[in-house]
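Have a look at data.cif; it's mmCIF, C-alpha atoms:
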```cif
data_run
loop_
_atom_site.label_atom_id
_atom_site.label_comp_id
_atom_site.auth_asym_id
_atom_site.auth_seq_id
_atom_site.Cartn_x
_atom_site.Cartn_y
_atom_site.Cartn_z
CA MET A 75 33.39 25.76 13.95
CA ARG A 76 31.25 27.98 11.72
CA LYS A 77 31.17 27.40 7.98
CA LYS A 78 32.89 29.76 5.56
CA ASP A 79 29.62 31.16 4.16
CA VAL A 80 28.31 31.93 7.66
CA LEU A 81 31.57 33.67 8.61
CA GLU A 82 31.49 35.77 5.45
CA PHE A 83 27.89 36.81 6.11
CA SER A 84 28.73 37.58 9.76
CA LEU A 85 31.65 39.85 8.86
CA ARG A 86 29.18 42.25 7.24
CA ALA A 87 26.12 41.11 9.18
CA GLU A 88 24.56 44.54 9.75
CA GLU A 89 24.95 45.57 6.12
CA ASN A 90 23.65 42.20 4.84
CA LEU A 91 20.62 42.35 7.13
CA PHE A 92 19.79 45.90 6.07
CA TYR A 93 19.89 44.85 2.41
CA LEU A 94 17.61 41.89 3.18
CA ILE A 95 15.15 44.11 5.08
CA ALA A 96 15.15 46.64 2.23
CA ASP A 97 14.39 43.93 -0.34
CA LEU A 98 11.57 42.59 1.82
CA ARG A 99 10.04 46.05 2.28
CA ASN A 100 10.30 46.93 -1.40
CA GLY A 101 8.98 43.57 -2.58
CA ASN A 102 12.27 42.86 -4.37
CA TYR A 103 13.23 39.71 -2.45
CA THR A 104 14.28 36.72 -4.55
CA HIS A 105 15.54 33.38 -3.26
CA GLY A 106 19.15 32.43 -3.96
CA GLN A 107 20.46 29.30 -5.68
CA TYR A 108 20.83 26.09 -3.72
CA ILE A 109 24.07 24.19 -3.27
CA ARG A 110 23.30 20.48 -3.55
CA PHE A 111 25.32 17.67 -2.01
CA ILE A 112 24.86 14.06 -0.94
CA VAL A 113 24.99 12.74 2.63
CA CYS A 114 24.69 9.16 3.88
CA ASP A 115 23.11 8.99 7.35
CA PRO A 116 23.03 5.99 6.60
CA LYS A 117 20.41 6.45 3.85
CA ARG A 118 21.71 8.29 0.80
CA ARG A 119 20.02 11.71 0.69
CA GLU A 120 20.38 14.85 -1.40
CA ILE A 121 20.64 18.00 0.71
CA ALA A 122 19.86 21.37 -0.86
CA LYS A 123 21.57 24.17 1.07
CA ALA A 124 20.25 27.71 0.63
CA PRO A 125 22.52 30.79 0.89
CA VAL A 126 22.95 32.23 4.40
CA ARG A 127 20.82 35.27 3.53
CA ASP A 128 17.86 33.05 2.73
CA ARG A 129 18.45 30.83 5.77
CA VAL A 130 18.20 33.91 7.99
CA LEU A 131 14.76 34.59 6.51
CA HIS A 132 13.74 30.92 6.90
CA HIS A 133 14.57 31.07 10.62
CA ALA A 134 12.67 34.34 11.07
CA LEU A 135 9.57 32.97 9.35
CA CYS A 136 9.64 29.74 11.36
CA ARG A 137 9.92 31.65 14.64
CA VAL A 138 6.76 33.56 13.75
CA LEU A 139 4.76 30.79 12.05
CA THR A 140 5.49 27.77 14.24
CA PRO A 141 3.45 29.13 17.21
CA LEU A 142 0.58 29.71 14.80
CA PHE A 143 0.45 26.09 13.63
CA GLU A 144 1.74 24.26 16.71
CA PRO A 145 -1.54 24.30 18.74
CA SER A 146 -3.45 22.60 15.92
CA PHE A 147 -1.00 19.71 15.48
CA VAL A 148 -1.96 16.38 17.04
CA PHE A 149 -0.09 15.47 20.23
CA ASP A 150 1.53 12.36 18.75
CA SER A 151 3.44 14.06 15.93
CA TYR A 152 7.10 13.97 17.03
CA SER A 153 9.33 15.32 14.26
CA SER A 154 10.84 18.84 14.43
CA ARG A 155 8.79 19.93 17.44
CA LYS A 156 9.89 21.20 20.86
CA GLU A 157 9.73 18.65 23.68
CA LYS A 158 9.28 15.85 21.12
CA GLY A 159 11.89 13.97 19.07
CA ILE A 160 13.05 10.41 18.41
CA HIS A 161 13.31 9.20 21.99
CA LYS A 162 9.95 10.64 23.03
CA ALA A 163 8.36 8.88 20.05
CA GLY A 164 9.97 5.58 21.04
CA LYS A 165 8.76 5.88 24.62
CA ARG A 166 5.27 6.70 23.40
CA LEU A 167 5.27 3.58 21.22
CA ASP A 168 6.25 1.45 24.23
CA LYS A 169 3.61 3.12 26.40
CA PHE A 170 0.86 2.50 23.83
CA ALA A 171 1.86 -1.14 23.39
CA GLN A 172 2.11 -1.81 27.13
CA LYS A 173 -1.32 -0.28 27.71
CA LEU A 174 -2.93 -2.36 24.96
CA ALA A 175 -1.15 -5.55 26.05
CA HIS A 176 -2.93 -5.41 29.44
CA ASN A 177 -0.01 -6.85 31.43
CA HIS A 178 1.11 -8.99 28.46
CA THR A 179 -2.18 -10.88 28.30
CA LYS A 180 -3.26 -9.54 24.88
CA THR A 181 -1.72 -9.83 21.41
CA ILE A 182 -0.75 -6.46 19.99
CA TRP A 183 -0.62 -5.80 16.25
CA ILE A 184 1.40 -2.88 14.91
CA LEU A 185 1.00 -1.32 11.46
CA GLN A 186 3.97 0.67 10.25
CA VAL A 187 4.08 2.61 6.96
CA ASP A 188 6.38 5.11 5.28
CA MET A 189 5.90 7.46 2.32
CA ARG A 190 7.69 6.94 -0.96
CA LYS A 191 10.13 9.86 -1.47
CA PHE A 192 8.08 12.14 0.76
CA PHE A 193 10.11 15.37 0.57
CA ASP A 194 10.53 15.03 -3.19
CA SER A 195 6.78 14.44 -3.63
CA VAL A 196 5.24 17.30 -1.63
CA ASP A 197 2.84 19.08 -3.97
CA HIS A 198 3.44 22.85 -4.02
CA GLU A 199 -0.17 23.75 -4.73
CA ILE A 200 -1.54 21.60 -1.91
CA LEU A 201 1.09 22.85 0.54
CA PHE A 202 0.38 26.49 -0.25
CA SER A 203 -3.38 25.97 0.12
CA LEU A 204 -2.83 24.45 3.57
CA LEU A 205 -0.62 27.38 4.63
CA ARG A 206 -3.19 29.87 3.36
CA LYS A 207 -5.86 28.40 5.66
CA LYS A 208 -3.95 29.66 8.71
CA ILE A 209 -1.98 32.62 7.37
CA LYS A 210 -3.91 35.74 6.33
CA ASN A 211 -1.03 38.16 5.78
CA GLU A 212 -0.53 38.43 2.02
CA LYS A 213 3.10 39.58 2.30
CA VAL A 214 3.99 36.53 4.38
CA LEU A 215 2.13 34.29 1.96
CA SER A 216 4.05 35.85 -0.92
CA LEU A 217 7.37 35.07 0.80
CA LEU A 218 6.30 31.50 1.48
CA GLU A 219 5.31 31.07 -2.15
CA ILE A 220 8.76 32.29 -3.24
CA ILE A 221 10.44 29.81 -0.87
CA ILE A 222 8.23 26.91 -1.98
CA GLN A 223 8.82 27.66 -5.66
CA SER A 224 12.59 28.08 -5.14
CA TYR A 225 13.01 24.31 -5.24
CA GLU A 226 11.58 21.60 -7.47
CA LYS A 227 12.47 17.94 -7.68
CA SER A 228 9.90 17.58 -10.44
CA LYS A 229 7.42 20.09 -11.84
CA GLY A 230 5.42 21.62 -8.95
CA LYS A 231 6.74 19.11 -6.43
CA GLY A 232 9.40 18.85 -3.75
CA ILE A 233 10.73 20.68 -0.71
CA PRO A 234 14.46 20.66 0.16
CA LEU A 235 15.76 18.67 3.11
CA GLY A 236 18.21 21.47 3.91
CA ASN A 237 15.62 24.18 4.66
CA LEU A 238 14.35 24.84 8.17
CA THR A 239 11.03 25.81 6.58
CA SER A 240 10.74 22.28 5.18
CA GLN A 241 10.41 20.89 8.72
CA LEU A 242 7.41 23.11 9.36
CA PHE A 243 6.01 22.49 5.88
CA SER A 244 6.18 18.71 6.34
CA ASN A 245 4.20 18.87 9.58
CA VAL A 246 1.61 21.19 8.03
CA TYR A 247 1.29 18.87 5.02
CA LEU A 248 0.93 15.64 7.03
CA ASP A 249 -1.30 17.18 9.69
CA LEU A 250 -4.12 16.54 7.24
CA LEU A 251 -3.30 12.83 7.46
CA ASP A 252 -2.91 12.96 11.26
CA ASN A 253 -6.41 14.31 11.66
CA PHE A 254 -7.87 11.85 9.18
CA VAL A 255 -6.41 8.88 11.07
CA LYS A 256 -7.36 10.20 14.50
CA ARG A 257 -10.85 11.54 13.68
CA GLU A 258 -12.13 9.60 10.69
CA LEU A 259 -10.49 6.22 11.31
CA GLN A 260 -10.78 6.61 15.10
CA ALA A 261 -7.27 5.20 15.56
CA LYS A 262 -6.56 6.01 19.20
CA TYR A 263 -3.05 4.56 19.27
CA TYR A 264 -1.36 6.46 16.45
CA LEU A 265 1.97 8.27 16.21
CA ARG A 266 4.07 9.85 13.48
CA TYR A 267 7.68 10.92 13.13
CA ALA A 268 8.14 12.77 9.81
CA ASP A 269 6.67 10.34 7.27
CA ASP A 270 7.15 7.24 9.45
CA ILE A 271 3.71 6.27 10.77
CA ILE A 272 2.61 3.69 13.35
CA ILE A 273 -0.86 2.53 14.40
CA LEU A 274 -1.38 -0.04 17.17
CA SER A 275 -4.40 -2.23 17.86
CA ARG A 276 -5.46 -5.61 19.21
CA ASP A 277 -7.55 -5.98 16.05
CA LYS A 278 -5.54 -7.00 12.97
CA ASN A 279 -8.54 -6.48 10.68
CA PHE A 280 -8.90 -2.89 11.88
CA LEU A 281 -5.27 -2.18 10.95
CA GLU A 282 -5.68 -3.79 7.52
CA ASP A 283 -8.65 -1.50 6.95
CA CYS A 284 -6.57 1.49 8.14
CA LEU A 285 -3.81 0.60 5.69
CA SER A 286 -6.19 0.61 2.75
CA LYS A 287 -7.85 3.88 3.78
CA VAL A 288 -4.57 5.66 4.54
CA ALA A 289 -3.18 4.65 1.13
CA ASN A 290 -6.28 6.00 -0.61
CA PHE A 291 -6.34 9.20 1.45
CA ILE A 292 -2.74 10.22 0.83
CA GLU A 293 -3.06 9.44 -2.89
CA GLU A 294 -6.26 11.46 -3.31
CA LYS A 295 -5.69 14.33 -0.89
CA LEU A 296 -1.90 14.69 -0.72
CA LYS A 297 -0.72 13.16 -4.01
CA LEU A 298 1.61 10.81 -2.15
CA ASP A 299 2.21 7.05 -2.21
CA LEU A 300 3.12 4.54 0.48
CA HIS A 301 6.51 2.90 0.04
CA PRO A 302 5.60 -0.71 -0.87
CA LYS A 303 8.76 -2.08 0.78
CA LYS A 304 8.12 -0.19 4.01
CA ILE A 305 4.69 -1.49 4.91
CA SER A 306 4.76 -3.75 7.95
CA LEU A 307 1.94 -5.38 9.93
CA LYS A 308 3.16 -7.68 12.66
CA ARG A 309 2.95 -8.61 16.32
CA TRP A 310 4.76 -6.50 18.90
CA LYS A 311 6.69 -9.54 20.15
CA GLN A 312 8.32 -9.86 16.72
CA GLY A 313 10.13 -6.54 17.27
CA ILE A 314 9.23 -3.15 15.79
CA ASP A 315 12.07 -1.34 14.01
CA PHE A 316 11.34 2.35 14.67
CA LEU A 317 13.70 5.32 14.49
CA GLY A 318 16.91 3.34 14.94
CA TYR A 319 15.72 1.04 17.74
CA VAL A 320 13.93 -2.31 17.68
CA HIS A 321 11.16 -2.38 20.28
CA PHE A 322 10.14 -5.61 22.05
CA PRO A 323 7.65 -6.15 24.93
CA THR A 324 10.40 -6.30 27.57
CA HIS A 325 13.16 -4.14 26.12
CA SER A 326 14.56 -2.23 23.15
CA VAL A 327 17.81 -2.83 21.27
CA LEU A 328 19.78 -0.83 18.76
CA ARG A 329 19.16 -1.63 15.10
CA THR A 330 21.86 -4.02 13.81
CA LYS A 331 22.91 -1.67 11.00
CA THR A 332 23.31 1.14 13.52
CA LYS A 333 25.52 -1.05 15.74
CA ARG A 334 27.76 -1.91 12.82
CA ARG A 335 27.95 1.73 11.76
CA MET A 336 28.91 2.82 15.28
CA ILE A 337 31.69 0.24 15.53
CA GLY A 338 32.96 1.08 12.05
CA ARG A 339 33.04 4.82 12.67
CA MET A 340 34.79 4.49 16.03
CA ALA A 341 37.35 2.13 14.47
CA GLU A 342 38.02 4.77 11.80
CA LYS A 343 38.31 7.48 14.45
CA ASN A 344 40.71 5.32 16.44
CA ILE A 345 42.99 5.10 13.39
CA GLU A 346 42.73 8.88 12.93
CA LEU A 347 43.59 9.36 16.60
CA LYS A 348 46.68 7.15 16.33
CA ASN A 349 47.75 9.06 13.22
CA LYS A 350 47.09 12.34 15.10
CA LYS A 351 44.49 13.50 12.57
CA ILE A 352 42.03 14.13 15.41
CA SER A 353 42.51 14.94 19.09
CA ASP A 354 41.70 12.68 22.01
CA LYS A 355 39.01 15.18 22.98
CA SER A 356 37.32 14.79 19.59
CA TYR A 357 37.51 10.99 19.89
CA GLN A 358 35.99 11.05 23.38
CA GLN A 359 33.19 13.37 22.26
CA SER A 360 32.21 10.90 19.52
CA LEU A 361 32.36 8.02 21.99
CA GLN A 362 30.19 9.83 24.54
CA SER A 363 27.62 10.73 21.87
CA TYR A 364 27.24 7.02 21.07
CA PHE A 365 26.94 6.21 24.77
CA GLY A 366 24.08 8.73 24.85
CA VAL A 367 22.30 6.77 22.11
CA LEU A 368 22.81 3.52 24.03
CA LYS A 369 21.16 4.93 27.18
CA HIS A 370 17.79 4.46 25.52
CA CYS A 371 18.10 0.71 24.95
CA ARG A 372 19.72 -2.49 26.14
CA GLY A 373 23.24 -1.64 25.04
CA ARG A 374 25.76 -2.91 27.61
CA LYS A 375 27.53 -5.27 25.20
CA ILE A 376 27.87 -2.74 22.42
CA LYS A 377 29.13 -0.14 24.92
CA THR A 378 31.84 -2.56 26.07
CA ARG A 379 32.74 -3.23 22.44
CA LEU A 380 33.06 0.49 21.71
CA GLU A 381 35.21 1.03 24.81
CA SER A 382 37.55 -1.78 23.75
CA ILE A 383 38.29 -0.24 20.33
CA GLY A 384 40.72 2.28 21.78
CA ASP A 385 42.57 -0.27 23.93
#
```
Kindly transcribe the structure held in the file into structure tokens.
Amino acid sequence: MRKKDVLEFSLRAEENLFYLIADLRNGNYTHGQYIRFIVCDPKRREIAKAPVRDRVLHHALCRVLTPLFEPSFVFDSYSSRKEKGIHKAGKRLDKFAQKLAHNHTKTIWILQVDMRKFFDSVDHEILFSLLRKKIKNEKVLSLLEIIIQSYEKSKGKGIPLGNLTSQLFSNVYLDLLDNFVKRELQAKYYLRYADDIIILSRDKNFLEDCLSKVANFIEEKLKLDLHPKKISLKRWKQGIDFLGYVHFPTHSVLRTKTKRRMIGRMAEKNIELKNKKISDKSYQQSLQSYFGVLKHCRGRKIKTRLESIGD
């Protein structure tokens, strides 16, 4: 079901679009105010939602600009890109590890790092300079500057999680890091999903060196910091917690917190179903979506548990 603001915009869609086009042509476009709210998925995050008028422009810009940047992105960047995503990233991690393990005869070390408050820390000046390297149209650059400056978490920093443009901006921003790791550090087995980064090697010392150099690079070039509590360097056989799944040499399992959240949510939905607050169709849709998640790991027991909730 479409949201109220989308319906209101749609009722006068032609008129609203003509006004937007006129403002763009006349150079009178200004970005609207964000509506901010908190979601827990399960991490607590602040979402900044732009007005529908601005979201229409965001979509139009991304449709034009994504093909411009996409060819230059490294292959193993998986967030917010067509034919990529969480499950492709997980499979790539397994493929890398299996290849390095040489039929489980070699010890594989995996370095995993995450940025501290990445979206809140993106530097506006650096981001705009990176966009300018590819984009030569001054009118487009002017629009992008308006969008970037429409949101600040602190002075000159931050991009909103709610904007479609932020997905493209994040890949443009971290592409600098991708190329540094691949070309300068010569890390062959590297992948990134948003600001979650993994490097694999048989050489633990090499990964320790990578960690130091990555930390220095992002601080100097991107004005970012690694999250000190999200730096991990361990053997593959210990299990690698990546994008909701824990990866082992022989299989993957769902993260324990995710299992508990699934069971809790389905238990709540079962109560809603019994109280007729939701339909059986809605309940089954939620159940099937969880089954879809479980297809990508060893999840027979949790599937049986979910099925038993409605009995």
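Once the PyMOL selection byres ((chain A and resi 351-367) around 10) is applied to the shown structure, the selection contains His161, Gly318, Tyr319, Leu328, Lys333, Met336, Ile337, Arg339, Met340, Lys343, Asn344, Ile345, Glu346, Leu347, Lys348, Asn349, Lys350, Leu368, Lys369, His370, Cys371, Gly373, Arg374, Ile376, Lys377, Leu380, Glu381 and Gly384 of chain A.
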Residues as selected, C-alpha atoms, written as a compact mmCIF listing (two decimals), in the coordinates of the input, can you do that?
```txt
# COMPACT_ATOMS: atom_id res chain seq x y z
CA HIS A 161 13.31 9.20 21.99
CA GLY A 318 16.91 3.34 14.94
CA TYR A 319 15.72 1.04 17.74
CA LEU A 328 19.78 -0.83 18.76
CA LYS A 333 25.52 -1.05 15.74
CA MET A 336 28.91 2.82 15.28
CA ILE A 337 31.69 0.24 15.53
CA ARG A 339 33.04 4.82 12.67
CA MET A 340 34.79 4.49 16.03
CA LYS A 343 38.31 7.48 14.45
CA ASN A 344 40.71 5.32 16.44
CA ILE A 345 42.99 5.10 13.39
CA GLU A 346 42.73 8.88 12.93
CA LEU A 347 43.59 9.36 16.60
CA LYS A 348 46.68 7.15 16.33
CA ASN A 349 47.75 9.06 13.22
CA LYS A 350 47.09 12.34 15.10
CA LEU A 368 22.81 3.52 24.03
CA LYS A 369 21.16 4.93 27.18
CA HIS A 370 17.79 4.46 25.52
CA CYS A 371 18.10 0.71 24.95
CA GLY A 373 23.24 -1.64 25.04
CA ARG A 374 25.76 -2.91 27.61
CA ILE A 376 27.87 -2.74 22.42
CA LYS A 377 29.13 -0.14 24.92
CA LEU A 380 33.06 0.49 21.71
CA GLU A 381 35.21 1.03 24.81
CA GLY A 384 40.72 2.28 21.78
```
Between A:His321, A:Arg276, A:Lys375, A:Lys311, single out the one closest to A:His176, counting all atoms listed in the file.
A:Arg276
Please evaluate the PyMOL selection byres ((chain A and resi 267) around 9) against the structure above and give the resulting residues as a list in words.
Asp150, Ser151, Tyr152, Ser153, Ser154, Gly159, Ile160, Ala163, Leu265, Arg266, Ala268, Asp269, Asp270, Ile271, Ile272 and Leu317 of chain A
Near-A:Asp249 list (10 Å; all atoms listed in the file; drop same-chain fewer than 6 positions) as a list of chain:residue names
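Once the nearby chain positions are removed, what remains is A:Phe143, A:Ser146, A:Phe147, A:Val148, A:Ser151, A:Leu204, A:Phe243, A:Val255, A:Arg266.
The gap separating atom CA of A:Ile220 from atom CA of A:Met189 is 25.6 Å, in Å to one decimal.
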